[in-house]
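Novice: Got start.pdb for you, PDB, C-alpha atoms:
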```
ATOM      1  CA  MET E 192     169.019  94.520  89.001  1.00  0.00           C
ATOM      2  CA  LYS E 193     166.636  97.408  89.600  1.00  0.00           C
ATOM      3  CA  THR E 194     164.654  96.508  86.479  1.00  0.00           C
ATOM      4  CA  ILE E 195     164.328  92.887  87.578  1.00  0.00           C
ATOM      5  CA  ASN E 196     163.039  94.009  91.007  1.00  0.00           C
ATOM      6  CA  ASN E 197     160.453  96.291  89.384  1.00  0.00           C
ATOM      7  CA  ILE E 198     159.298  93.544  87.002  1.00  0.00           C
ATOM      8  CA  LEU E 199     159.119  91.032  89.867  1.00  0.00           C
ATOM      9  CA  PHE E 200     157.129  93.528  91.955  1.00  0.00           C
ATOM     10  CA  LEU E 201     154.661  94.120  89.078  1.00  0.00           C
ATOM     11  CA  ILE E 202     154.214  90.360  88.545  1.00  0.00           C
ATOM     12  CA  ILE E 203     153.480  89.783  92.242  1.00  0.00           C
ATOM     13  CA  LEU E 204     151.129  92.756  92.361  1.00  0.00           C
ATOM     14  CA  SER E 205     149.316  91.538  89.214  1.00  0.00           C
ATOM     15  CA  GLY E 206     148.985  88.080  90.736  1.00  0.00           C
ATOM     16  CA  ILE E 207     147.440  89.495  93.915  1.00  0.00           C
ATOM     17  CA  ILE E 208     144.992  91.613  91.922  1.00  0.00           C
ATOM     18  CA  VAL E 209     143.960  88.704  89.686  1.00  0.00           C
ATOM     19  CA  THR E 210     143.529  86.419  92.700  1.00  0.00           C
ATOM     20  CA  ALA E 211     141.430  88.998  94.540  1.00  0.00           C
ATOM     21  CA  CYS E 212     139.207  89.610  91.533  1.00  0.00           C
ATOM     22  CA  THR E 213     138.642  85.940  90.724  1.00  0.00           C
ATOM     23  CA  LYS E 214     138.081  84.819  94.306  1.00  0.00           C
ATOM     24  CA  LYS E 215     134.577  83.429  94.505  1.00  0.00           C
ATOM     25  CA  ASP E 216     132.248  84.463  97.306  1.00  0.00           C
ATOM     26  CA  ASN E 217     131.157  81.425  99.302  1.00  0.00           C
ATOM     27  CA  THR E 218     127.865  83.033 100.309  1.00  0.00           C
ATOM     28  CA  ASN E 219     124.816  82.452  98.179  1.00  0.00           C
ATOM     29  CA  ASN E 220     124.071  85.276  95.806  1.00  0.00           C
ATOM     30  CA  ILE E 221     120.442  86.156  96.522  1.00  0.00           C
ATOM     31  CA  SER E 222     118.774  88.897  94.545  1.00  0.00           C
ATOM     32  CA  ASP E 223     116.966  91.734  96.260  1.00  0.00           C
ATOM     33  CA  LEU E 224     113.685  90.466  94.840  1.00  0.00           C
ATOM     34  CA  GLU E 225     114.271  87.061  96.409  1.00  0.00           C
ATOM     35  CA  LYS E 226     115.080  88.703  99.765  1.00  0.00           C
ATOM     36  CA  LEU E 227     111.814  90.650  99.630  1.00  0.00           C
ATOM     37  CA  ARG E 228     109.813  87.522  98.850  1.00  0.00           C
ATOM     38  CA  ASN E 229     111.236  85.727 101.877  1.00  0.00           C
ATOM     39  CA  THR E 230     110.982  88.644 104.330  1.00  0.00           C
ATOM     40  CA  ASP E 231     108.363  88.460 107.041  1.00  0.00           C
ATOM     41  CA  ASN E 232     106.896  91.157 109.293  1.00  0.00           C
ATOM     42  CA  ILE E 233     108.866  89.983 112.324  1.00  0.00           C
ATOM     43  CA  SER E 234     112.026  91.746 111.179  1.00  0.00           C
ATOM     44  CA  VAL E 235     110.033  94.927 110.496  1.00  0.00           C
ATOM     45  CA  GLN E 236     108.468  94.780 113.962  1.00  0.00           C
ATOM     46  CA  MET E 237     111.877  94.317 115.536  1.00  0.00           C
ATOM     47  CA  ASP E 238     113.117  97.390 113.708  1.00  0.00           C
ATOM     48  CA  SER E 239     110.147  99.499 114.827  1.00  0.00           C
ATOM     49  CA  ALA E 240     110.542  98.269 118.427  1.00  0.00           C
ATOM     50  CA  GLN E 241     114.201  99.249 118.353  1.00  0.00           C
ATOM     51  CA  ALA E 242     113.262 102.623 116.891  1.00  0.00           C
ATOM     52  CA  ILE E 243     110.688 103.233 119.635  1.00  0.00           C
ATOM     53  CA  ASN E 244     113.275 102.254 122.284  1.00  0.00           C
ATOM     54  CA  SER E 245     115.803 104.651 120.785  1.00  0.00           C
ATOM     55  CA  ILE E 246     113.328 107.525 120.443  1.00  0.00           C
ATOM     56  CA  THR E 247     112.001 107.023 123.971  1.00  0.00           C
ATOM     57  CA  MET E 248     115.497 106.953 125.435  1.00  0.00           C
ATOM     58  CA  GLN E 249     116.393 110.166 123.607  1.00  0.00           C
ATOM     59  CA  LYS E 250     113.201 111.910 124.791  1.00  0.00           C
ATOM     60  CA  VAL E 251     113.757 110.818 128.411  1.00  0.00           C
ATOM     61  CA  GLN E 252     117.355 112.063 128.253  1.00  0.00           C
ATOM     62  CA  ASP E 253     116.205 115.384 126.744  1.00  0.00           C
ATOM     63  CA  VAL E 254     113.594 116.000 129.461  1.00  0.00           C
ATOM     64  CA  LEU E 255     116.085 115.210 132.219  1.00  0.00           C
ATOM     65  CA  ASP E 256     118.841 117.345 130.678  1.00  0.00           C
ATOM     66  CA  LEU E 257     116.485 120.293 130.232  1.00  0.00           C
ATOM     67  CA  SER E 258     115.173 119.844 133.784  1.00  0.00           C
ATOM     68  CA  THR E 259     118.643 119.952 135.327  1.00  0.00           C
ATOM     69  CA  LEU E 260     119.450 122.992 133.192  1.00  0.00           C
ATOM     70  CA  TYR E 261     116.230 124.712 134.293  1.00  0.00           C
ATOM     71  CA  LEU E 262     116.845 123.939 137.978  1.00  0.00           C
ATOM     72  CA  SER E 263     120.408 125.276 137.795  1.00  0.00           C
ATOM     73  CA  GLY E 264     119.066 128.720 136.828  1.00  0.00           C
ATOM     74  CA  LYS E 265     117.135 131.344 138.752  1.00  0.00           C
ATOM     75  CA  ARG E 266     113.820 130.235 137.142  1.00  0.00           C
ATOM     76  CA  ASN E 267     112.686 133.791 136.481  1.00  0.00           C
ATOM     77  CA  THR E 268     114.799 134.805 133.486  1.00  0.00           C
ATOM     78  CA  GLU E 269     113.760 134.663 129.841  1.00  0.00           C
ATOM     79  CA  ILE E 270     116.131 131.740 129.238  1.00  0.00           C
ATOM     80  CA  ASP E 271     114.595 129.800 132.126  1.00  0.00           C
ATOM     81  CA  LYS E 272     111.097 130.438 130.759  1.00  0.00           C
ATOM     82  CA  ALA E 273     112.215 129.235 127.323  1.00  0.00           C
ATOM     83  CA  ILE E 274     113.696 126.061 128.821  1.00  0.00           C
ATOM     84  CA  TYR E 275     110.504 125.407 130.805  1.00  0.00           C
ATOM     85  CA  THR E 276     108.410 125.904 127.648  1.00  0.00           C
ATOM     86  CA  LYS E 277     110.672 123.441 125.816  1.00  0.00           C
ATOM     87  CA  ILE E 278     110.154 120.845 128.583  1.00  0.00           C
ATOM     88  CA  GLU E 279     106.372 121.331 128.344  1.00  0.00           C
ATOM     89  CA  LYS E 280     106.460 120.523 124.618  1.00  0.00           C
ATOM     90  CA  TYR E 281     107.507 116.954 125.475  1.00  0.00           C
ATOM     91  CA  PHE E 282     104.208 116.435 127.288  1.00  0.00           C
ATOM     92  CA  GLN E 283     100.767 115.973 125.807  1.00  0.00           C
ATOM     93  CA  LYS E 284      99.153 118.011 128.586  1.00  0.00           C
ATOM     94  CA  SER E 285     101.064 119.758 131.304  1.00  0.00           C
ATOM     95  CA  ASP E 286     100.080 121.814 134.297  1.00  0.00           C
ATOM     96  CA  SER E 287     101.836 123.080 137.399  1.00  0.00           C
ATOM     97  CA  THR E 288     101.909 119.598 138.981  1.00  0.00           C
ATOM     98  CA  THR E 289     103.358 117.753 135.977  1.00  0.00           C
ATOM     99  CA  PHE E 290     106.981 118.297 136.948  1.00  0.00           C
ATOM    100  CA  ASN E 291     106.669 118.401 140.759  1.00  0.00           C
ATOM    101  CA  ASP E 292     107.995 114.886 141.450  1.00  0.00           C
ATOM    102  CA  LEU E 293     110.805 115.222 138.940  1.00  0.00           C
ATOM    103  CA  PHE E 294     111.937 118.662 140.110  1.00  0.00           C
ATOM    104  CA  LYS E 295     111.724 117.731 143.814  1.00  0.00           C
ATOM    105  CA  GLU E 296     113.901 114.671 143.295  1.00  0.00           C
ATOM    106  CA  LEU E 297     116.513 116.483 141.209  1.00  0.00           C
ATOM    107  CA  GLU E 298     116.687 119.396 143.667  1.00  0.00           C
ATOM    108  CA  SER E 299     116.840 117.269 146.814  1.00  0.00           C
ATOM    109  CA  LEU E 300     119.771 115.256 145.453  1.00  0.00           C
ATOM    110  CA  ASN E 301     121.494 118.346 143.996  1.00  0.00           C
ATOM    111  CA  VAL E 302     121.735 116.714 140.558  1.00  0.00           C
ATOM    112  CA  LYS E 303     123.889 118.389 137.901  1.00  0.00           C
ATOM    113  CA  LYS E 304     123.797 115.721 135.149  1.00  0.00           C
ATOM    114  CA  VAL E 305     121.750 112.631 134.379  1.00  0.00           C
ATOM    115  CA  ARG E 306     122.569 109.481 132.392  1.00  0.00           C
ATOM    116  CA  VAL E 307     119.745 107.272 131.131  1.00  0.00           C
ATOM    117  CA  SER E 308     120.313 103.570 130.452  1.00  0.00           C
ATOM    118  CA  ASN E 309     118.586 100.195 130.208  1.00  0.00           C
ATOM    119  CA  ILE E 310     115.336 101.443 128.768  1.00  0.00           C
ATOM    120  CA  ASN E 311     112.535  98.957 128.280  1.00  0.00           C
ATOM    121  CA  VAL E 312     109.318  99.986 126.559  1.00  0.00           C
ATOM    122  CA  PHE E 313     106.211  97.874 126.914  1.00  0.00           C
ATOM    123  CA  GLN E 314     102.477  98.060 126.442  1.00  0.00           C
ATOM    124  CA  LYS E 315      99.604  97.313 128.764  1.00  0.00           C
ATOM    125  CA  ILE E 316      96.079  96.808 127.539  1.00  0.00           C
ATOM    126  CA  LYS E 317      93.423  98.332 129.754  1.00  0.00           C
ATOM    127  CA  GLU E 318      89.914  97.673 128.511  1.00  0.00           C
ATOM    128  CA  LYS E 319      90.040  98.905 124.884  1.00  0.00           C
ATOM    129  CA  ASP E 320      93.072 101.159 125.319  1.00  0.00           C
ATOM    130  CA  THR E 321      96.706 100.286 124.739  1.00  0.00           C
ATOM    131  CA  LEU E 322      98.931 102.140 127.189  1.00  0.00           C
ATOM    132  CA  ASN E 323     102.629 102.670 126.447  1.00  0.00           C
ATOM    133  CA  PHE E 324     105.155 102.646 129.275  1.00  0.00           C
ATOM    134  CA  ALA E 325     108.905 102.985 129.576  1.00  0.00           C
ATOM    135  CA  LYS E 326     110.978 101.654 132.449  1.00  0.00           C
ATOM    136  CA  PHE E 327     114.535 102.958 132.608  1.00  0.00           C
ATOM    137  CA  ASN E 328     117.509 103.489 134.885  1.00  0.00           C
ATOM    138  CA  VAL E 329     118.817 106.953 135.661  1.00  0.00           C
ATOM    139  CA  GLU E 330     122.168 107.732 137.183  1.00  0.00           C
ATOM    140  CA  TYR E 331     122.301 111.081 138.934  1.00  0.00           C
ATOM    141  CA  ILE E 332     125.605 112.919 138.927  1.00  0.00           C
ATOM    142  CA  GLY E 333     126.268 115.752 141.355  1.00  0.00           C
ATOM    143  CA  ASP E 334     129.093 118.175 141.961  1.00  0.00           C
ATOM    144  CA  LYS E 335     132.585 117.225 140.760  1.00  0.00           C
ATOM    145  CA  ASP E 336     131.102 114.466 138.559  1.00  0.00           C
ATOM    146  CA  LYS E 337     130.398 112.228 141.573  1.00  0.00           C
ATOM    147  CA  SER E 338     127.602 109.701 141.212  1.00  0.00           C
ATOM    148  CA  VAL E 339     124.715 110.426 143.558  1.00  0.00           C
ATOM    149  CA  GLY E 340     123.000 107.116 142.797  1.00  0.00           C
ATOM    150  CA  SER E 341     121.209 104.986 140.235  1.00  0.00           C
ATOM    151  CA  PHE E 342     117.449 104.614 140.288  1.00  0.00           C
ATOM    152  CA  GLU E 343     114.776 102.813 138.283  1.00  0.00           C
ATOM    153  CA  ARG E 344     112.038 105.123 137.025  1.00  0.00           C
ATOM    154  CA  ASN E 345     108.902 104.895 134.885  1.00  0.00           C
ATOM    155  CA  ALA E 346     107.172 107.084 132.357  1.00  0.00           C
ATOM    156  CA  GLN E 347     103.992 106.754 130.353  1.00  0.00           C
ATOM    157  CA  TYR E 348     103.965 108.031 126.786  1.00  0.00           C
ATOM    158  CA  THR E 349     101.749 108.159 123.743  1.00  0.00           C
ATOM    159  CA  LEU E 350     102.296 108.290 120.012  1.00  0.00           C
ATOM    160  CA  VAL E 351      99.829 110.620 118.289  1.00  0.00           C
ATOM    161  CA  SER E 352      99.407 110.297 114.534  1.00  0.00           C
ATOM    162  CA  LYS E 353      99.651 113.402 112.412  1.00  0.00           C
ATOM    163  CA  PRO E 354      96.393 113.723 110.455  1.00  0.00           C
ATOM    164  CA  ASP E 355      97.820 115.712 107.539  1.00  0.00           C
ATOM    165  CA  GLN E 356     100.575 113.249 106.670  1.00  0.00           C
ATOM    166  CA  LYS E 357     100.264 110.754 103.812  1.00  0.00           C
ATOM    167  CA  ASN E 358     102.673 108.303 105.388  1.00  0.00           C
ATOM    168  CA  LYS E 359     102.214 107.194 108.960  1.00  0.00           C
ATOM    169  CA  GLU E 360     104.139 109.632 111.126  1.00  0.00           C
ATOM    170  CA  PHE E 361     103.681 110.037 114.841  1.00  0.00           C
ATOM    171  CA  LYS E 362     104.400 112.711 117.398  1.00  0.00           C
ATOM    172  CA  PHE E 363     105.833 111.507 120.711  1.00  0.00           C
ATOM    173  CA  TYR E 364     104.435 112.881 124.003  1.00  0.00           C
ATOM    174  CA  PHE E 365     104.857 111.931 127.630  1.00  0.00           C
ATOM    175  CA  ILE E 366     101.666 111.560 129.641  1.00  0.00           C
ATOM    176  CA  LYS E 367     103.270 110.926 133.031  1.00  0.00           C
ATOM    177  CA  PHE E 368     106.917 111.231 133.909  1.00  0.00           C
ATOM    178  CA  TYR E 369     108.332 109.499 136.980  1.00  0.00           C
ATOM    179  CA  SER E 370     104.914 107.970 137.435  1.00  0.00           C
ATOM    180  CA  ASP E 371     104.226 105.101 139.746  1.00  0.00           C
ATOM    181  CA  SER E 372     104.755 101.648 138.403  1.00  0.00           C
ATOM    182  CA  PRO E 373     101.875 100.698 136.100  1.00  0.00           C
ATOM    183  CA  GLU E 374     101.267  97.459 137.947  1.00  0.00           C
ATOM    184  CA  LYS E 375     101.582  97.237 141.695  1.00  0.00           C
ATOM    185  CA  ASP E 376     103.129  94.145 143.213  1.00  0.00           C
ATOM    186  CA  SER E 377     101.634  92.556 146.289  1.00  0.00           C
ATOM    187  CA  THR E 378     105.065  92.792 147.931  1.00  0.00           C
ATOM    188  CA  SER E 379     106.445  96.180 148.731  1.00  0.00           C
ATOM    189  CA  VAL E 380     109.932  97.095 147.618  1.00  0.00           C
ATOM    190  CA  GLY E 381     112.031  99.751 149.256  1.00  0.00           C
ATOM    191  CA  VAL E 382     112.776 100.798 152.789  1.00  0.00           C
ATOM    192  CA  THR E 383     111.658  98.352 155.424  1.00  0.00           C
ATOM    193  CA  LYS E 384     111.355  99.095 159.107  1.00  0.00           C
TER     194      LYS E 384
END
```
Just give me the structure of the file as structure tokens.

Specialist:
Amino acid sequence: MKTINNILFLIILSGIIVTACTKKDNTNNISDLEKLRNTDNISVQMDSAQAINSITMQKVQDVLDLSTLYLSGKRNTEIDKAIYTKIEKYFQKSDSTTFNDLFKELESLNVKKVRVSNINVFQKIKEKDTLNFAKFNVEYIGDKDKSVGSFERNAQYTLVSKPDQKNKEFKFYFIKFYSDSPEKDSTSVGVTK
């Protein structure tokens, strides 16, 4: 009886394997060469736009994380100086006023952590220049992981090409962080009296 069960098991297993191997794929088999011939630049642009969104979101998150870390310290230790220097490296040009708005807001709300979401990068053409902007939401988290609030913020950034590279590589820098909206509406939004 045991031999019959083993033989029956092997027959069923063989049948499943043969069926799985001979099952035809209903999708059209298209070669890689054929895919390349029919590819257009739209899919490549979508990929680069998604990459820019992802990179921008990561850079915004990094600046905010480093800022909250810097503000939680005494600001006069070697570690604090190193953190401040790291924040400056995210900016093309920075001076003493670069971080004023950001630091004031984080300090006044006693922010301990920040979550960035819903980032939207876009370009604005001004005369012959193309300006890059990011609009994003930030959720501030205070003591005991309580949400302080969610706010919409803006940043202006630039991508600078590396001259020594054979392939096109860019370095990402912020120009303005928590800048005013690039285009002002005729209607004011915010607190009304």

Novice: Which residues, named as in the file, does the PyMOL selection byres ((chain E and resi 289-302) around 6) pick out? Answer as a ChimeraX atom specification.

Specialist: /E:285-288,303-304,331-333

Novice: Could you give me, as a list in words, the residues within 9 Å of Lys250 (chain E), counting only C-alpha atoms and dropping anything in the same chain fewer than 6 positions from it?

Specialist: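 So, after excluding close chain neighbours, the residues are Tyr281, Phe363, Tyr364 and Phe365 of chain E.
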
Novice: Between CA of Phe324 (chain E) and CA of Ser245 (chain E), what distance in Å does the model show, to one decimal?

Specialist: 13.8 Å

Novice: Let me know the residues the PyMOL selection byres ((chain E and resi 323) around 8) catches in the file above, as a PyMOL selection string.

Specialist: chain E and resi 312-315+321-322+324-325+347-349

Novice: Can you tell me how far CA of Gly206 (chain E) sits from CA of Met192 (chain E), in Å to one decimal?

Specialist: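 Taking CA of Gly206 (chain E) as the start and CA of Met192 (chain E) as the end point, the length is 21.1 Å.
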
Novice: Edge lengths and centre in Å to one decimal, as lines of an AutoDock Vina configuration file, is what I'm after for the box along x, y and z that holds all listed atoms of region 358-362 of chain E once 3 Å is added on each side.

Specialist:
```
center_x = 103.3
center_y = 110.0
center_z = 111.4
size_x = 8.2
size_y = 11.5
size_z = 18.0
```

Novice: Which distance in Å separates CA of Thr259 (chain E) and CA of Asn345 (chain E), to one decimal?

Specialist: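 Rounded to one decimal, the two atoms are 17.9 Å apart.
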
Novice: Which one of E:Tyr275, E:Ile203, E:Leu262, E:Ile246 sits closest to Phe361 (chain E) if you count only C-alpha atoms?

Specialist: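 Of E:Tyr275, E:Ile203, E:Leu262, E:Ile246, the one nearest Phe361 (chain E) is E:Ile246, counting only C-alpha atoms.
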
Novice: Just give me the residues with any atom within 12 Å of (114.6, 128.6, 128.9), file coordinates, counting only C-alpha atoms, written as a list in words.

Specialist: Leu257, Ser258, Thr259, Leu260, Tyr261, Leu262, Ser263, Gly264, Lys265, Arg266, Asn267, Thr268, Glu269, Ile270, Asp271, Lys272, Ala273, Ile274, Tyr275, Thr276, Lys277, Ile278 and Glu279 of chain E

Novice: With distances taken over only C-alpha atoms, which residue among E:Thr194, E:Lys335, E:Lys367, E:Val307 lies nearest Asp253 (chain E)?

Specialist: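 Among E:Thr194, E:Lys335, E:Lys367, E:Val307, it is E:Val307 that comes nearest to Asp253 (chain E).
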
Novice: Taking (120.1, 111.3, 133.9) as a centre in this file's frame and 7 Å as the limit, can you find every polymer residue with an atom that close, using only C-alpha atoms, and give them as a list of chain:residue names?

Specialist: E:Gln252, E:Leu255, E:Asp256, E:Lys304, E:Val305, E:Arg306, E:Val307, E:Val329, E:Glu330, E:Tyr331
